Amino acid sequence: MPRGPVPTSVTQVCLVGDPEVNLRYELLSRETARNALATYDLREPFENTVAVETVSLGAAVALLNDLNWYLVRFTRDAFVREPSVSETEWLSRDLAAAVRDDELAADETERFLKIYGVEYESDRDDDGPPDAVTSDEPAGTEADDESGDATVETAPALVEPMYAARTGPELPAYDLREVSDTLVVRVAEDEFGGEKQRYSNR
């Protein structure tokens, strides 16, 4: 059963590491990137990701610009969740910049989508319901410290993005593999593409 995205009231940035690198290590082992991230609580909501909360969409875009050298080399995606646009869907970096610069209105970002599967360890093992990973909580919270027998959970992985054009109120079903959840990223028209596309007419 899909858990669904957790709505947010703050702007968030999520960087998705290239499979060949450890993204957190690559960022924190370099002084410029480490300094850019120094004031943020770093989270890992998905496997090999780094996520932070920022004060605004402008701050999120500025942070991505500050990290651009590292993003080109060590990430395969970067996106922003801005609650004034959507509390559950993310924006690609290019789309976030366009909204920040007033080149696009929020309701003009809805059509072109990149939908990731969210694969939990239990999806791979076929062994019960998804692990209870809370993407909006930093590692090492007080609740974890007080619970001596707390299970260490594995962050879910973002897998096989599917491109989809939204032409109605419903999203097309993600069908590239069996997963427990999906993550929706709105993309600019010139970012839209891929071998697998679905169109929703509902």
# chains A, B, ... in the order shown; residues from 1 in each chain; ligands from 1
call {"tool": "residues_around", "arguments": {"residues": "A:Leu67", "least_positions_apart": "3", "cutoff": "8 Å", "atoms": "only C-alpha atoms", "output": "ChimeraX atom specification"}}
result
/A:33,36,63-64,70-71
call {"tool": "write_last_selection", "arguments": {"atoms": "all heavy atoms", "output": "mmCIF file, in the first residue's frame"}}
result
data_model
loop_
_atom_site.group_PDB
_atom_site.id
_atom_site.type_symbol
_atom_site.label_atom_id
_atom_site.label_comp_id
_atom_site.auth_asym_id
_atom_site.auth_seq_id
_atom_site.Cartn_x
_atom_site.Cartn_y
_atom_site.Cartn_z
ATOM 1 N N ALA A 33 31.805 23.127 -0.426
ATOM 2 C CA ALA A 33 30.490 22.513 -0.249
ATOM 3 C C ALA A 33 30.151 22.380 1.229
ATOM 4 O O ALA A 33 29.014 22.629 1.647
ATOM 5 C CB ALA A 33 30.469 21.145 -0.923
ATOM 6 N N ALA A 36 29.003 25.687 2.504
ATOM 7 C CA ALA A 36 27.671 26.041 1.998
ATOM 8 C C ALA A 36 26.572 25.323 2.768
ATOM 9 O O ALA A 36 25.464 25.841 2.925
ATOM 10 C CB ALA A 36 27.577 25.717 0.514
ATOM 11 N N LEU A 63 21.222 28.067 -2.975
ATOM 12 C CA LEU A 63 22.047 26.975 -2.469
ATOM 13 C C LEU A 63 22.461 26.048 -3.608
ATOM 14 O O LEU A 63 23.626 25.631 -3.702
ATOM 15 C CB LEU A 63 21.287 26.190 -1.401
ATOM 16 C CG LEU A 63 21.991 24.941 -0.853
ATOM 17 C CD1 LEU A 63 23.301 25.318 -0.163
ATOM 18 C CD2 LEU A 63 21.077 24.182 0.101
ATOM 19 N N LEU A 64 21.523 25.711 -4.483
ATOM 20 C CA LEU A 64 21.852 24.854 -5.620
ATOM 21 C C LEU A 64 22.890 25.528 -6.515
ATOM 22 O O LEU A 64 23.805 24.857 -7.028
ATOM 23 C CB LEU A 64 20.593 24.522 -6.409
ATOM 24 C CG LEU A 64 19.584 23.631 -5.688
ATOM 25 C CD1 LEU A 64 18.290 23.525 -6.495
ATOM 26 C CD2 LEU A 64 20.154 22.241 -5.432
ATOM 27 N N TYR A 70 29.662 20.837 -7.668
ATOM 28 C CA TYR A 70 29.560 19.499 -7.083
ATOM 29 C C TYR A 70 28.359 18.738 -7.639
ATOM 30 O O TYR A 70 28.417 17.516 -7.810
ATOM 31 C CB TYR A 70 29.469 19.618 -5.556
ATOM 32 C CG TYR A 70 30.566 20.479 -5.005
ATOM 33 C CD1 TYR A 70 30.348 21.834 -4.742
ATOM 34 C CD2 TYR A 70 31.846 19.966 -4.797
ATOM 35 C CE1 TYR A 70 31.365 22.647 -4.278
ATOM 36 C CE2 TYR A 70 32.875 20.769 -4.331
ATOM 37 C CZ TYR A 70 32.629 22.106 -4.076
ATOM 38 O OH TYR A 70 33.654 22.911 -3.636
ATOM 39 N N LEU A 71 27.289 19.472 -7.932
ATOM 40 C CA LEU A 71 26.106 18.819 -8.486
ATOM 41 C C LEU A 71 26.415 18.207 -9.851
ATOM 42 O O LEU A 71 25.969 17.097 -10.165
ATOM 43 C CB LEU A 71 24.948 19.812 -8.607
ATOM 44 C CG LEU A 71 24.491 20.506 -7.316
ATOM 45 C CD1 LEU A 71 23.256 21.347 -7.582
ATOM 46 C CD2 LEU A 71 24.240 19.507 -6.205
#
call {"tool": "closest_atom_pairs", "arguments": {"of": "stretch 15-61 of chain A", "to": "stretch 155-174 of chain A", "cutoff": "10 Å", "atoms": "only C-alpha atoms", "output": "tab-separated table"}}
result
residue	atom	partner	partner_atom	distance
A:Val16	CA	A:Leu158	CA	8.5
A:Glu44	CA	A:Ala155	CA	7.2
A:Pro45	CA	A:Ala155	CA	6.2
A:Phe46	CA	A:Ala155	CA	5.0
A:Glu47	CA	A:Ala157	CA	4.8
A:Asn48	CA	A:Ala157	CA	7.9
A:Thr49	CA	A:Ala157	CA	9.1
call {"tool": "write_last_selection", "arguments": {"atoms": "all heavy atoms", "output": "PDB file, in the first residue's frame"}}
result
ATOM      1  N   VAL A  16      20.216  14.074  -5.191  1.00  0.00           N
ATOM      2  CA  VAL A  16      20.267  12.625  -5.392  1.00  0.00           C
ATOM      3  C   VAL A  16      21.633  12.268  -5.957  1.00  0.00           C
ATOM      4  O   VAL A  16      22.003  12.723  -7.045  1.00  0.00           O
ATOM      5  CB  VAL A  16      19.160  12.152  -6.357  1.00  0.00           C
ATOM      6  CG1 VAL A  16      19.168  10.632  -6.463  1.00  0.00           C
ATOM      7  CG2 VAL A  16      17.800  12.652  -5.885  1.00  0.00           C
ATOM      8  N   GLU A  44      18.840  12.301   5.133  1.00  0.00           N
ATOM      9  CA  GLU A  44      18.935  11.344   4.031  1.00  0.00           C
ATOM     10  C   GLU A  44      17.582  10.631   3.901  1.00  0.00           C
ATOM     11  O   GLU A  44      17.430   9.490   4.326  1.00  0.00           O
ATOM     12  CB  GLU A  44      20.059  10.329   4.256  1.00  0.00           C
ATOM     13  CG  GLU A  44      20.286   9.450   3.025  1.00  0.00           C
ATOM     14  CD  GLU A  44      21.420   8.439   3.205  1.00  0.00           C
ATOM     15  OE1 GLU A  44      21.953   8.330   4.337  1.00  0.00           O
ATOM     16  OE2 GLU A  44      21.763   7.766   2.228  1.00  0.00           O
ATOM     17  N   PRO A  45      16.581  11.306   3.301  1.00  0.00           N
ATOM     18  CA  PRO A  45      15.254  10.692   3.199  1.00  0.00           C
ATOM     19  C   PRO A  45      15.219   9.497   2.259  1.00  0.00           C
ATOM     20  O   PRO A  45      14.370   8.616   2.401  1.00  0.00           O
ATOM     21  CB  PRO A  45      14.378  11.830   2.667  1.00  0.00           C
ATOM     22  CG  PRO A  45      15.330  12.731   1.950  1.00  0.00           C
ATOM     23  CD  PRO A  45      16.609  12.657   2.724  1.00  0.00           C
ATOM     24  N   PHE A  46      16.136   9.482   1.285  1.00  0.00           N
ATOM     25  CA  PHE A  46      16.242   8.376   0.341  1.00  0.00           C
ATOM     26  C   PHE A  46      17.710   7.968   0.242  1.00  0.00           C
ATOM     27  O   PHE A  46      18.599   8.757   0.580  1.00  0.00           O
ATOM     28  CB  PHE A  46      15.704   8.780  -1.036  1.00  0.00           C
ATOM     29  CG  PHE A  46      14.332   9.367  -0.994  1.00  0.00           C
ATOM     30  CD1 PHE A  46      14.133  10.731  -1.109  1.00  0.00           C
ATOM     31  CD2 PHE A  46      13.222   8.551  -0.799  1.00  0.00           C
ATOM     32  CE1 PHE A  46      12.865  11.280  -1.039  1.00  0.00           C
ATOM     33  CE2 PHE A  46      11.951   9.087  -0.716  1.00  0.00           C
ATOM     34  CZ  PHE A  46      11.769  10.451  -0.837  1.00  0.00           C
ATOM     35  N   GLU A  47      17.925   6.758  -0.219  1.00  0.00           N
ATOM     36  CA  GLU A  47      19.280   6.220  -0.309  1.00  0.00           C
ATOM     37  C   GLU A  47      20.191   7.139  -1.122  1.00  0.00           C
ATOM     38  O   GLU A  47      19.838   7.574  -2.221  1.00  0.00           O
ATOM     39  CB  GLU A  47      19.198   4.844  -0.963  1.00  0.00           C
ATOM     40  CG  GLU A  47      20.483   4.060  -0.995  1.00  0.00           C
ATOM     41  CD  GLU A  47      20.242   2.691  -1.611  1.00  0.00           C
ATOM     42  OE1 GLU A  47      19.650   1.836  -0.923  1.00  0.00           O
ATOM     43  OE2 GLU A  47      20.624   2.488  -2.776  1.00  0.00           O
ATOM     44  N   ASN A  48      21.360   7.456  -0.565  1.00  0.00           N
ATOM     45  CA  ASN A  48      22.380   8.282  -1.220  1.00  0.00           C
ATOM     46  C   ASN A  48      21.831   9.648  -1.637  1.00  0.00           C
ATOM     47  O   ASN A  48      22.063  10.125  -2.751  1.00  0.00           O
ATOM     48  CB  ASN A  48      22.968   7.555  -2.437  1.00  0.00           C
ATOM     49  CG  ASN A  48      24.321   8.136  -2.854  1.00  0.00           C
ATOM     50  OD1 ASN A  48      25.026   8.732  -2.052  1.00  0.00           O
ATOM     51  ND2 ASN A  48      24.675   7.967  -4.118  1.00  0.00           N
ATOM     52  N   THR A  49      21.094  10.270  -0.734  1.00  0.00           N
ATOM     53  CA  THR A  49      20.620  11.632  -0.952  1.00  0.00           C
ATOM     54  C   THR A  49      21.068  12.521   0.196  1.00  0.00           C
ATOM     55  O   THR A  49      21.416  12.047   1.277  1.00  0.00           O
ATOM     56  CB  THR A  49      19.082  11.715  -1.054  1.00  0.00           C
ATOM     57  OG1 THR A  49      18.505  11.298   0.195  1.00  0.00           O
ATOM     58  CG2 THR A  49      18.551  10.845  -2.189  1.00  0.00           C
TER      59      THR A  49
END
call {"tool": "atom_distance", "arguments": {"atom1": "atom CA of A:Asn22", "atom2": "atom CA of A:Glu191"}}
result
25.4 Å
call {"tool": "atom_distance", "arguments": {"atom1": "atom CA of A:Ser29", "atom2": "atom CA of A:Asp41"}}
result
16.4 Å
call {"tool": "atom_distance", "arguments": {"atom1": "atom CA of A:Val118", "atom2": "atom CA of A:Asp181"}}
result
5.0 Å
call {"tool": "closest_residue", "arguments": {"among": "A:Phe74, A:Phe79, A:Trp69, A:Tyr120", "to": "A:Thr11", "atoms": "only C-alpha atoms"}}
result
A:Phe79
call {"tool": "residues_around", "arguments": {"residues": "A:Ser84", "least_positions_apart": "4", "cutoff": "12 Å", "atoms": "only C-alpha atoms", "output": "mmCIF file with all heavy atoms, in the first residue's frame"}}
result
data_model
loop_
_atom_site.group_PDB
_atom_site.id
_atom_site.type_symbol
_atom_site.label_atom_id
_atom_site.label_comp_id
_atom_site.auth_asym_id
_atom_site.auth_seq_id
_atom_site.Cartn_x
_atom_site.Cartn_y
_atom_site.Cartn_z
ATOM 1 N N PRO A 7 3.112 15.941 3.417
ATOM 2 C CA PRO A 7 3.051 17.374 3.110
ATOM 3 C C PRO A 7 4.041 18.160 3.963
ATOM 4 O O PRO A 7 4.363 17.776 5.081
ATOM 5 C CB PRO A 7 1.605 17.749 3.458
ATOM 6 C CG PRO A 7 0.851 16.462 3.390
ATOM 7 C CD PRO A 7 1.818 15.414 3.848
ATOM 8 N N THR A 8 4.525 19.271 3.433
ATOM 9 C CA THR A 8 5.489 20.085 4.156
ATOM 10 C C THR A 8 5.074 21.541 4.116
ATOM 11 O O THR A 8 4.407 21.978 3.182
ATOM 12 C CB THR A 8 6.894 19.942 3.547
ATOM 13 O OG1 THR A 8 7.820 20.737 4.299
ATOM 14 C CG2 THR A 8 6.926 20.378 2.090
ATOM 15 N N SER A 9 5.480 22.298 5.137
ATOM 16 C CA SER A 9 5.182 23.728 5.174
ATOM 17 C C SER A 9 6.448 24.554 5.001
ATOM 18 O O SER A 9 6.418 25.773 5.133
ATOM 19 C CB SER A 9 4.506 24.085 6.506
ATOM 20 O OG SER A 9 5.351 23.743 7.588
ATOM 21 N N VAL A 10 7.578 23.899 4.729
ATOM 22 C CA VAL A 10 8.839 24.607 4.519
ATOM 23 C C VAL A 10 9.425 24.196 3.176
ATOM 24 O O VAL A 10 9.127 23.124 2.648
ATOM 25 C CB VAL A 10 9.853 24.310 5.647
ATOM 26 C CG1 VAL A 10 9.340 24.807 6.982
ATOM 27 C CG2 VAL A 10 10.168 22.817 5.720
ATOM 28 N N THR A 11 10.269 25.063 2.637
ATOM 29 C CA THR A 11 10.941 24.751 1.375
ATOM 30 C C THR A 11 12.052 23.744 1.631
ATOM 31 O O THR A 11 12.816 23.889 2.592
ATOM 32 C CB THR A 11 11.527 26.031 0.749
ATOM 33 O OG1 THR A 11 10.485 26.999 0.627
ATOM 34 C CG2 THR A 11 12.116 25.744 -0.617
ATOM 35 N N GLN A 12 12.132 22.737 0.788
ATOM 36 C CA GLN A 12 13.143 21.697 0.949
ATOM 37 C C GLN A 12 13.926 21.505 -0.338
ATOM 38 O O GLN A 12 13.406 21.702 -1.437
ATOM 39 C CB GLN A 12 12.486 20.363 1.327
ATOM 40 C CG GLN A 12 11.762 20.398 2.665
ATOM 41 C CD GLN A 12 11.075 19.076 2.965
ATOM 42 O OE1 GLN A 12 10.492 18.466 2.080
ATOM 43 N NE2 GLN A 12 11.130 18.646 4.209
ATOM 44 N N SER A 56 13.256 29.767 2.043
ATOM 45 C CA SER A 56 12.454 30.242 0.919
ATOM 46 C C SER A 56 12.883 29.543 -0.358
ATOM 47 O O SER A 56 13.938 28.896 -0.415
ATOM 48 C CB SER A 56 12.624 31.754 0.738
ATOM 49 O OG SER A 56 13.954 32.057 0.321
ATOM 50 N N LEU A 57 12.075 29.709 -1.398
ATOM 51 C CA LEU A 57 12.434 29.178 -2.707
ATOM 52 C C LEU A 57 13.708 29.851 -3.222
ATOM 53 O O LEU A 57 14.577 29.195 -3.801
ATOM 54 C CB LEU A 57 11.279 29.407 -3.685
ATOM 55 C CG LEU A 57 11.498 28.935 -5.125
ATOM 56 C CD1 LEU A 57 11.756 27.435 -5.177
ATOM 57 C CD2 LEU A 57 10.298 29.292 -6.000
ATOM 58 N N VAL A 80 13.448 20.600 -5.679
ATOM 59 C CA VAL A 80 13.020 21.498 -4.606
ATOM 60 C C VAL A 80 11.534 21.282 -4.354
ATOM 61 O O VAL A 80 10.749 21.168 -5.300
ATOM 62 C CB VAL A 80 13.259 22.971 -5.014
ATOM 63 C CG1 VAL A 80 12.711 23.918 -3.943
ATOM 64 C CG2 VAL A 80 14.739 23.229 -5.266
ATOM 65 N N THR A 88 3.221 18.432 -1.821
ATOM 66 C CA THR A 88 3.591 17.026 -1.978
ATOM 67 C C THR A 88 4.465 16.742 -3.201
ATOM 68 O O THR A 88 5.173 15.742 -3.228
ATOM 69 C CB THR A 88 2.334 16.136 -2.079
ATOM 70 O OG1 THR A 88 1.520 16.588 -3.167
ATOM 71 C CG2 THR A 88 1.535 16.183 -0.784
ATOM 72 N N GLU A 89 4.423 17.598 -4.219
ATOM 73 C CA GLU A 89 5.202 17.370 -5.427
ATOM 74 C C GLU A 89 6.417 18.305 -5.444
ATOM 75 O O GLU A 89 6.374 19.416 -4.943
ATOM 76 C CB GLU A 89 4.336 17.592 -6.666
ATOM 77 C CG GLU A 89 3.188 16.591 -6.766
ATOM 78 C CD GLU A 89 2.333 16.786 -8.006
ATOM 79 O OE1 GLU A 89 2.634 17.702 -8.811
ATOM 80 O OE2 GLU A 89 1.367 16.025 -8.181
ATOM 81 N N TRP A 90 7.496 17.814 -6.045
ATOM 82 C CA TRP A 90 8.751 18.543 -6.113
ATOM 83 C C TRP A 90 8.881 19.263 -7.448
ATOM 84 O O TRP A 90 8.191 18.943 -8.410
ATOM 85 C CB TRP A 90 9.919 17.584 -5.923
ATOM 86 C CG TRP A 90 9.951 16.890 -4.594
ATOM 87 C CD1 TRP A 90 9.153 15.857 -4.184
ATOM 88 C CD2 TRP A 90 10.833 17.164 -3.505
ATOM 89 N NE1 TRP A 90 9.492 15.485 -2.909
ATOM 90 C CE2 TRP A 90 10.515 16.266 -2.460
ATOM 91 C CE3 TRP A 90 11.865 18.093 -3.313
ATOM 92 C CZ2 TRP A 90 11.188 16.255 -1.252
ATOM 93 C CZ3 TRP A 90 12.548 18.082 -2.092
ATOM 94 C CH2 TRP A 90 12.208 17.177 -1.080
ATOM 95 N N LEU A 91 9.807 20.226 -7.506
ATOM 96 C CA LEU A 91 10.154 20.939 -8.734
ATOM 97 C C LEU A 91 11.585 20.587 -9.116
ATOM 98 O O LEU A 91 12.464 20.504 -8.248
ATOM 99 C CB LEU A 91 10.076 22.453 -8.524
ATOM 100 C CG LEU A 91 8.753 23.047 -8.040
ATOM 101 C CD1 LEU A 91 8.936 24.539 -7.740
ATOM 102 C CD2 LEU A 91 7.656 22.839 -9.062
ATOM 103 N N ALA A 96 12.250 25.236 -10.560
ATOM 104 C CA ALA A 96 12.294 26.049 -9.336
ATOM 105 C C ALA A 96 12.869 27.430 -9.632
ATOM 106 O O ALA A 96 12.361 28.453 -9.149
ATOM 107 C CB ALA A 96 13.121 25.343 -8.269
ATOM 108 N N VAL A 99 10.231 29.545 -11.499
ATOM 109 C CA VAL A 99 9.202 30.055 -10.590
ATOM 110 C C VAL A 99 9.770 31.189 -9.741
ATOM 111 O O VAL A 99 9.128 32.231 -9.553
ATOM 112 C CB VAL A 99 8.654 28.916 -9.698
ATOM 113 C CG1 VAL A 99 7.708 29.480 -8.631
ATOM 114 C CG2 VAL A 99 7.929 27.876 -10.545
ATOM 115 N N ARG A 100 10.987 31.006 -9.250
ATOM 116 C CA ARG A 100 11.627 32.054 -8.445
ATOM 117 C C ARG A 100 11.763 33.354 -9.232
ATOM 118 O O ARG A 100 11.573 34.450 -8.700
ATOM 119 C CB ARG A 100 13.007 31.547 -7.993
ATOM 120 C CG ARG A 100 13.770 32.409 -6.972
ATOM 121 C CD ARG A 100 14.600 33.513 -7.592
ATOM 122 N NE ARG A 100 15.460 33.096 -8.678
ATOM 123 C CZ ARG A 100 16.758 32.808 -8.535
ATOM 124 N NH1 ARG A 100 17.323 32.865 -7.346
ATOM 125 N NH2 ARG A 100 17.483 32.480 -9.608
ATOM 126 N N ALA A 105 4.150 30.746 -13.489
ATOM 127 C CA ALA A 105 3.276 30.729 -12.309
ATOM 128 C C ALA A 105 3.186 29.299 -11.790
ATOM 129 O O ALA A 105 3.466 28.334 -12.517
ATOM 130 C CB ALA A 105 1.890 31.237 -12.686
ATOM 131 N N ALA A 106 2.780 29.155 -10.535
ATOM 132 C CA ALA A 106 2.702 27.829 -9.920
ATOM 133 C C ALA A 106 1.826 26.878 -10.732
ATOM 134 O O ALA A 106 2.171 25.702 -10.922
ATOM 135 C CB ALA A 106 2.182 27.950 -8.492
ATOM 136 N N ASP A 107 0.685 27.373 -11.241
ATOM 137 C CA ASP A 107 -0.228 26.476 -11.963
ATOM 138 C C ASP A 107 0.256 26.156 -13.372
ATOM 139 O O ASP A 107 -0.361 25.358 -14.075
ATOM 140 C CB ASP A 107 -1.647 27.049 -12.002
ATOM 141 C CG ASP A 107 -1.720 28.414 -12.695
ATOM 142 O OD1 ASP A 107 -0.681 28.891 -13.217
ATOM 143 O OD2 ASP A 107 -2.811 28.999 -12.719
#
call {"tool": "residues_around", "arguments": {"residues": "A:Ala78", "least_positions_apart": "6", "cutoff": "7 Å", "atoms": "only C-alpha atoms", "output": "ChimeraX atom specification"}}
result
/A:14-16,92-93
call {"tool": "write_last_selection", "arguments": {"atoms": "C-alpha atoms", "output": "PDB file, in the first residue's frame"}}
result
ATOM      1  CA  CYS A  14      16.914  17.159  -2.147  1.00  0.00           C
ATOM      2  CA  LEU A  15      20.120  16.126  -3.927  1.00  0.00           C
ATOM      3  CA  VAL A  16      20.267  12.625  -5.392  1.00  0.00           C
ATOM      4  CA  SER A  92      13.212  20.264 -10.853  1.00  0.00           C
ATOM      5  CA  ARG A  93      16.062  22.704 -10.343  1.00  0.00           C
TER       6      ARG A  93
END
